[in-house]
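So this block is work_31.csv, CSV, C-alpha atoms:
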```
chain,number,residue,atom,x,y,z
A,1,MET,CA,34.0,79.1,-0.4
A,2,GLY,CA,33.6,82.5,-1.9
A,3,TYR,CA,35.7,84.6,-4.3
A,4,ASP,CA,38.9,86.0,-2.7
A,5,ILE,CA,38.3,89.7,-2.0
A,6,GLU,CA,41.8,90.5,-3.0
A,7,ARG,CA,40.9,89.7,-6.6
A,8,PHE,CA,38.3,92.5,-6.9
A,9,VAL,CA,38.9,96.0,-8.3
A,10,GLY,CA,37.5,98.8,-6.1
A,11,TYR,CA,35.3,98.8,-3.0
A,12,VAL,CA,33.1,95.8,-2.2
A,13,ASN,CA,30.0,96.4,0.0
A,14,ASP,CA,30.0,94.3,3.2
A,15,GLY,CA,26.5,93.1,2.4
A,16,LEU,CA,28.0,91.2,-0.6
A,17,LEU,CA,30.4,89.2,1.7
A,18,CYS,CA,29.6,85.7,3.0
A,19,SER,CA,28.9,85.8,6.8
A,20,ILE,CA,31.0,82.6,7.2
A,21,CYS,CA,34.1,82.8,5.0
A,22,ARG,CA,34.1,86.6,4.7
A,23,ASP,CA,34.9,86.3,1.0
A,24,VAL,CA,32.7,87.7,-1.8
A,25,LEU,CA,29.5,85.6,-2.2
A,26,GLU,CA,29.7,82.6,-4.6
A,27,ASP,CA,26.3,81.0,-5.6
A,28,PRO,CA,24.6,82.9,-2.7
A,29,LEU,CA,21.7,82.0,-0.5
A,30,GLN,CA,19.8,84.2,2.0
A,31,ALA,CA,18.3,83.3,5.4
A,32,PRO,CA,15.0,84.8,6.7
A,33,CYS,CA,17.2,87.1,8.8
A,34,GLU,CA,18.5,88.6,5.6
A,35,HIS,CA,22.1,87.4,6.2
A,36,ALA,CA,23.7,86.0,3.0
A,37,PHE,CA,26.1,83.0,2.6
A,38,CYS,CA,27.8,81.0,-0.1
A,39,THR,CA,25.9,77.9,-0.8
A,40,ALA,CA,28.8,75.6,0.2
A,41,CYS,CA,29.5,77.6,3.4
A,42,ILE,CA,25.9,77.6,4.8
A,43,HIS,CA,25.3,73.9,3.9
A,44,GLY,CA,28.5,73.0,5.7
A,45,TRP,CA,27.6,75.1,8.7
A,46,LEU,CA,24.1,73.6,9.0
A,47,VAL,CA,25.5,70.1,9.2
A,48,HIS,CA,26.7,70.9,12.7
A,49,HIS,CA,24.5,73.9,13.7
A,50,SER,CA,20.9,74.9,13.4
A,51,ASN,CA,21.2,78.7,13.7
A,52,CYS,CA,22.5,81.7,11.8
A,53,PRO,CA,26.2,82.3,12.4
A,54,GLU,CA,25.6,86.1,12.6
A,55,ASP,CA,22.6,86.6,15.0
A,56,ARG,CA,22.0,83.0,16.2
A,57,GLN,CA,18.4,82.8,15.0
A,58,MET,CA,17.1,79.4,14.2
A,59,ILE,CA,17.3,78.5,10.5
A,60,ASP,CA,16.8,75.4,8.4
A,61,VAL,CA,17.9,74.5,4.9
A,62,SER,CA,14.3,74.6,3.7
A,63,LEU,CA,14.1,78.3,4.7
A,64,LEU,CA,17.1,79.4,2.5
A,65,ARG,CA,16.1,81.5,-0.5
A,66,PRO,CA,18.0,83.0,-3.5
A,67,LEU,CA,19.6,86.5,-3.0
A,68,TYR,CA,17.4,89.5,-3.6
A,69,ARG,CA,17.5,90.7,-7.2
A,70,TYR,CA,19.0,94.1,-6.5
A,71,MET,CA,21.8,92.4,-4.4
A,72,LYS,CA,22.3,89.9,-7.2
A,73,ASN,CA,22.7,92.6,-9.7
A,74,ASP,CA,25.2,94.5,-7.5
A,75,LEU,CA,27.2,91.3,-7.1
A,76,ASN,CA,27.3,90.6,-10.8
A,77,ARG,CA,28.6,94.1,-11.6
A,78,LEU,CA,31.7,93.7,-9.4
A,79,GLN,CA,35.0,93.7,-11.4
A,80,LEU,CA,37.7,91.2,-10.6
A,81,HIS,CA,41.0,89.8,-11.9
A,82,CYS,CA,41.2,86.3,-13.6
A,83,LYS,CA,42.5,83.6,-11.2
A,84,ASN,CA,45.3,83.0,-13.6
A,85,ARG,CA,46.7,86.5,-13.0
A,86,GLU,CA,49.9,85.0,-11.4
A,87,TYR,CA,50.6,83.1,-14.6
A,88,GLY,CA,50.3,86.3,-16.7
A,89,CYS,CA,46.6,86.8,-17.5
A,90,GLU,CA,45.7,90.5,-17.2
A,91,MET,CA,41.9,90.1,-17.9
A,92,VAL,CA,39.5,92.0,-15.6
A,93,CYS,CA,35.9,91.3,-16.1
A,94,SER,CA,32.6,91.3,-14.2
A,95,LEU,CA,31.7,88.5,-11.8
A,96,GLU,CA,28.8,87.5,-14.0
A,97,SER,CA,31.2,86.5,-16.8
A,98,ILE,CA,34.3,85.4,-14.9
A,99,ASP,CA,33.5,81.7,-15.0
A,100,ARG,CA,33.1,81.7,-18.8
A,101,HIS,CA,36.4,83.5,-19.2
A,102,GLU,CA,38.3,81.2,-16.9
A,103,ARG,CA,37.0,78.1,-18.7
A,104,GLU,CA,38.6,79.4,-21.9
A,105,CYS,CA,41.6,81.3,-20.4
A,106,GLU,CA,44.8,80.6,-22.3
A,107,TYR,CA,46.8,80.8,-19.0
A,108,SER,CA,44.7,78.1,-17.3
A,109,GLN,CA,46.8,75.1,-16.0
A,110,ILE,CA,45.4,71.9,-17.6
A,111,PRO,CA,46.7,68.3,-17.6
A,112,CYS,CA,48.3,66.7,-20.6
A,113,SER,CA,45.8,64.6,-22.5
A,114,ASN,CA,48.3,61.8,-23.2
A,115,ALA,CA,47.7,58.7,-21.0
A,116,GLY,CA,50.4,58.4,-18.4
A,117,CYS,CA,51.6,62.0,-18.6
A,118,THR,CA,51.3,63.9,-15.3
A,119,VAL,CA,52.4,67.3,-16.6
A,120,GLN,CA,50.3,70.4,-15.9
A,121,ILE,CA,50.7,73.0,-18.6
A,122,GLU,CA,49.1,76.3,-19.7
A,123,ARG,CA,46.3,75.9,-22.3
A,124,ARG,CA,48.2,78.1,-24.8
A,125,ASN,CA,51.3,75.8,-24.6
A,126,LEU,CA,49.4,72.5,-24.8
A,127,ASP,CA,49.9,71.9,-28.6
A,128,GLY,CA,53.6,72.5,-28.3
A,129,HIS,CA,53.8,70.1,-25.4
A,130,LEU,CA,51.8,67.4,-27.2
A,131,ALA,CA,54.2,67.5,-30.1
A,132,VAL,CA,57.2,66.6,-27.9
A,133,CYS,CA,55.5,64.6,-25.0
A,134,GLU,CA,57.2,61.3,-24.5
A,135,TYR,CA,53.7,59.8,-23.9
A,136,ARG,CA,52.3,61.0,-27.3
A,137,SER,CA,51.1,58.3,-29.7
A,138,ARG,CA,53.0,57.9,-32.9
A,139,GLU,CA,53.7,55.2,-35.5
A,140,CYS,CA,56.7,53.0,-35.3
A,141,PRO,CA,59.6,54.5,-37.3
A,142,ASN,CA,60.4,51.1,-38.8
A,143,GLY,CA,57.1,51.2,-40.7
A,144,CYS,CA,55.3,48.3,-39.2
A,145,GLY,CA,52.3,50.5,-38.4
A,146,TYR,CA,52.3,50.0,-34.7
A,147,THR,CA,51.1,52.9,-32.6
A,148,ILE,CA,53.6,53.8,-29.9
A,149,LEU,CA,51.8,55.1,-26.8
A,150,SER,CA,54.7,55.2,-24.3
A,151,ALA,CA,58.5,55.3,-24.1
A,152,GLU,CA,58.6,51.5,-23.4
A,153,ASP,CA,56.8,50.8,-26.6
A,154,THR,CA,59.7,52.0,-28.7
A,155,GLN,CA,61.5,48.7,-28.1
A,156,HIS,CA,58.6,46.6,-29.4
A,157,ASN,CA,59.1,43.6,-31.8
A,158,CYS,CA,57.9,44.7,-35.2
A,159,VAL,CA,57.7,41.1,-36.5
A,160,ALA,CA,55.5,40.1,-33.6
A,161,GLU,CA,53.3,43.1,-34.0
A,162,LEU,CA,52.9,42.4,-37.7
A,163,ARG,CA,52.0,38.8,-36.9
A,164,THR,CA,49.5,40.0,-34.3
A,165,GLU,CA,48.0,42.5,-36.8
A,166,LEU,CA,47.9,39.7,-39.5
A,167,GLU,CA,46.1,37.4,-37.1
A,168,LEU,CA,43.6,40.1,-36.2
A,169,LEU,CA,43.0,40.8,-39.8
A,170,ARG,CA,42.6,37.1,-40.5
A,171,SER,CA,40.1,36.7,-37.7
A,172,GLU,CA,38.2,39.8,-38.8
A,173,MET,CA,38.1,38.5,-42.4
A,174,ILE,CA,36.9,35.0,-41.2
A,175,CYS,CA,34.1,36.7,-39.2
A,176,ARG,CA,33.1,38.8,-42.2
A,177,VAL,CA,33.1,35.8,-44.5
A,178,GLU,CA,31.0,33.8,-42.0
A,179,GLU,CA,28.6,36.7,-41.7
A,180,ALA,CA,28.3,37.1,-45.5
A,181,LYS,CA,27.8,33.3,-45.8
A,182,ARG,CA,25.0,33.3,-43.2
A,183,GLU,CA,23.4,36.3,-44.9
A,184,MET,CA,23.6,34.6,-48.3
A,185,GLU,CA,22.2,31.3,-47.0
A,186,SER,CA,19.3,33.3,-45.4
A,187,ARG,CA,18.6,35.0,-48.7
A,188,LEU,CA,18.7,31.7,-50.6
A,189,ASP,CA,16.4,30.1,-48.1
A,190,SER,CA,14.0,33.0,-48.5
A,191,GLN,CA,14.1,32.8,-52.3
A,192,ARG,CA,13.7,29.1,-52.2
A,193,ARG,CA,10.6,29.3,-50.0
A,194,HIS,CA,9.3,32.0,-52.3
A,195,MET,CA,9.9,29.8,-55.4
A,196,VAL,CA,8.2,26.8,-53.8
A,197,GLN,CA,5.2,28.9,-53.0
A,198,LYS,CA,5.1,30.3,-56.5
A,199,GLU,CA,5.5,26.8,-58.0
A,200,SER,CA,2.6,25.6,-55.9
A,201,ILE,CA,0.4,28.5,-57.0
A,202,LEU,CA,1.3,27.9,-60.7
A,203,GLN,CA,0.6,24.2,-60.3
A,204,ASN,CA,-2.8,24.9,-58.9
A,205,GLU,CA,-3.5,27.3,-61.7
A,206,ILE,CA,-2.4,24.7,-64.3
A,207,GLU,CA,-4.7,22.1,-62.8
A,208,GLU,CA,-7.6,24.6,-62.8
A,209,LEU,CA,-6.9,25.4,-66.5
A,210,LYS,CA,-6.8,21.6,-67.3
A,211,SER,CA,-10.1,21.2,-65.6
A,212,GLN,CA,-11.6,24.1,-67.5
A,213,MET,CA,-10.2,22.7,-70.8
A,214,SER,CA,-11.7,19.3,-70.0
A,215,ARG,CA,-15.1,20.9,-69.4
A,216,MET,CA,-14.8,22.9,-72.6
A,217,MET,CA,-13.8,19.8,-74.7
A,218,SER,CA,-16.8,18.0,-73.2
A,219,ASP,CA,-19.1,20.9,-74.2
A,220,VAL,CA,-17.6,21.0,-77.7
A,221,ARG,CA,-18.2,17.3,-78.2
A,222,SER,CA,-21.8,17.7,-77.0
A,223,LEU,CA,-22.3,20.6,-79.4
A,224,MET,CA,-20.8,18.6,-82.3
A,225,ALA,CA,-23.0,15.7,-81.5
A,226,ALA,CA,-26.0,18.0,-81.3
A,227,GLU,CA,-24.9,19.6,-84.6
A,228,ARG,CA,-24.8,16.2,-86.3
A,229,GLN,CA,-28.2,15.3,-85.0
A,230,HIS,CA,-29.5,18.6,-86.2
A,231,ARG,CA,-28.0,18.0,-89.6
A,232,GLN,CA,-29.6,14.6,-89.8
A,233,GLU,CA,-32.9,16.0,-88.9
A,234,LEU,CA,-32.6,18.7,-91.6
A,235,GLU,CA,-31.7,16.1,-94.2
A,236,GLN,CA,-34.7,14.0,-93.1
A,237,ALA,CA,-36.9,17.1,-93.3
A,238,GLU,CA,-35.6,17.9,-96.7
A,239,LEU,CA,-36.4,14.4,-97.9
A,240,GLU,CA,-39.9,14.7,-96.5
A,241,LYS,CA,-40.2,18.0,-98.2
A,242,ARG,CA,-39.3,16.5,-101.6
A,243,GLU,CA,-41.8,13.7,-101.1
A,244,LEU,CA,-44.5,16.3,-100.2
A,245,MET,CA,-43.7,18.3,-103.3
A,246,GLU,CA,-44.0,15.2,-105.4
A,247,LEU,CA,-47.4,14.4,-103.8
A,248,LEU,CA,-48.6,18.0,-104.4
A,249,ARG,CA,-47.6,17.8,-108.1
A,250,GLY,CA,-49.4,14.5,-108.4
A,251,LEU,CA,-52.5,16.0,-106.8
A,252,GLN,CA,-52.4,19.0,-109.1
A,253,LYS,CA,-52.1,16.7,-112.1
A,254,ASP,CA,-55.1,14.6,-110.9
A,255,CYS,CA,-57.1,17.8,-110.4
A,256,ARG,CA,-56.4,18.9,-113.9
A,257,LEU,CA,-57.4,15.5,-115.4
A,258,THR,CA,-60.6,15.5,-113.4
A,259,THR,CA,-61.5,18.9,-114.7
A,260,THR,CA,-60.6,17.9,-118.3
A,261,GLU,CA,-62.8,14.8,-118.3
A,262,GLY,CA,-65.9,16.8,-117.3
A,263,GLY,CA,-66.4,15.6,-113.8
A,264,ARG,CA,-65.4,12.0,-114.2
A,265,LYS,CA,-64.5,10.7,-110.8
A,266,SER,CA,-61.0,9.4,-110.5
A,267,THR,CA,-60.5,6.0,-108.8
A,268,ASN,CA,-56.7,6.5,-108.3
A,269,PHE,CA,-56.1,7.2,-104.6
A,270,ARG,CA,-52.5,6.3,-104.4
A,271,PRO,CA,-51.2,9.9,-103.9
A,272,LEU,CA,-53.6,10.6,-101.0
A,273,ALA,CA,-52.5,7.3,-99.4
A,274,ARG,CA,-48.9,8.3,-99.6
A,275,LEU,CA,-49.7,11.7,-98.1
A,276,GLU,CA,-51.5,10.1,-95.1
A,277,SER,CA,-48.5,7.8,-94.7
A,278,VAL,CA,-46.1,10.8,-94.5
A,279,LYS,CA,-48.4,12.5,-91.9
A,280,ARG,CA,-48.4,9.4,-89.7
A,281,LYS,CA,-44.6,9.0,-89.8
A,282,PRO,CA,-43.1,9.9,-86.4
A,283,ARG,CA,-40.5,12.6,-86.3
A,284,GLU,CA,-37.8,13.1,-83.6
A,285,VAL,CA,-36.9,16.7,-82.5
A,286,THR,CA,-33.7,17.4,-80.7
A,287,VAL,CA,-33.6,20.4,-78.4
A,288,ILE,CA,-30.2,22.1,-78.1
```

Would you kindly transcribe this structure into structure tokens?
Amino acid sequence: MGYDIERFVGYVNDGLLCSICRDVLEDPLQAPCEHAFCTACIHGWLVHHSNCPEDRQMIDVSLLRPLYRYMKNDLNRLQLHCKNREYGCEMVCSLESIDRHERECEYSQIPCSNAGCTVQIERRNLDGHLAVCEYRSRECPNGCGYTILSAEDTQHNCVAELRTELELLRSEMICRVEEAKREMESRLDSQRRHMVQKESILQNEIEELKSQMSRMMSDVRSLMAAERQHRQELEQAELEKRELMELLRGLQKDCRLTTTEGGRKSTNFRPLARLESVKRKPREVTVI
């Protein structure tokens, strides 16, 4: 259905009227024969007919197109009264902006937002009505905290409501405690697994350190044994050195005696025999 022509101010061109409802076009569509219709009107017509209501030419829904731009502009510039004029609204605006105005119009009749209330009231008076509506929600005057939603609720039992509220709070607290308990147990299990893993890693590291220490102690003992052997060899070499020095001094003495006696041949070969004995003595060498 279109806009009631009685709402418009001034003359309205016949080309802007719906060919079916004869009101001013609302959400218009145009047939190939250039006749224009309201979308709702032409769709309803084509359910039972297959031709144009003006010239009876065959048309189909797929052939309908938006209104020409110049006609759409002429339509949008039309001035009309708000539909709430009978309730006191004196607004006159263009067709292009009428929907926006009527959605926000203070004189619009809207239902009360309280459940169970069937009153239709002007938007501007809604706040005042909500303040006195018998279906408004409010707290119990006895202080139990119960929210009264209807007139029947004013006779409620405060003690029963408080008990119900207490049970709800108790149930909620139990649920929260159980949830906190499960979360804590989950965290403890996670920490326990982490500690066991860390303990295993540390135990492996300790065993590795023990193994390294054992190898180091074995190496130290080997080095100490080699050091003792080396010291013994040094002592033995020092002893042999002293013996050689004594032999050399004896040889030097014999040489001096031989020279003094004028070539007399000495028959004492004991120092040379001892030198040969030292040369033939086997020596052990330890390689570190």

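Shell of segment 20-31 of chain A at 7 Å, with only C-alpha atoms counted and residues fewer than 4 places along the chain excluded, is A:Met1, A:Gly2, A:Tyr3, A:Asp4, A:Ile5, A:Leu16, A:His35, A:Ala36, A:Phe37, A:Cys38, A:Thr39, A:Cys41, A:Leu63, A:Leu64, A:Arg65, A:Pro66, A:Leu67.
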
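Atom CA of Met217 of chain A lies 20.8 Å from atom CA of Gln203 of chain A.
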
Write out as a PDB file with C-alpha atoms, in the frame of the given file each polymer residue whose atoms come within 10 Å of Asn51 of chain A, counting all atoms listed in the file; drop sequence neighbours fewer than 6 positions from it.
```
ATOM      1  CA  ALA A  31      18.300  83.300   5.400  1.00  0.00           C
ATOM      2  CA  TRP A  45      27.600  75.100   8.700  1.00  0.00           C
ATOM      3  CA  GLN A  57      18.400  82.800  15.000  1.00  0.00           C
ATOM      4  CA  MET A  58      17.100  79.400  14.200  1.00  0.00           C
ATOM      5  CA  ILE A  59      17.300  78.500  10.500  1.00  0.00           C
ATOM      6  CA  ASP A  60      16.800  75.400   8.400  1.00  0.00           C
TER       7      ASP A  60
END
```

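The spacing separating atom CA of Tyr135 of chain A from atom CA of Ile121 of chain A amounts to 14.5 Å.
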
- request: Would you mind reading off the distance between atom CA of Arg100 of chain A and atom CA of Leu75 of chain A, one decimal, in Å?
  value: 16.2 Å

Exercise: Glu104 of chain A partners within 12 Å, all atoms listed in the file, chain neighbours under 5 positions left out, as a PyMOL selection string: chain A and resi 82+84+89+91+97-99+109-110+122-124
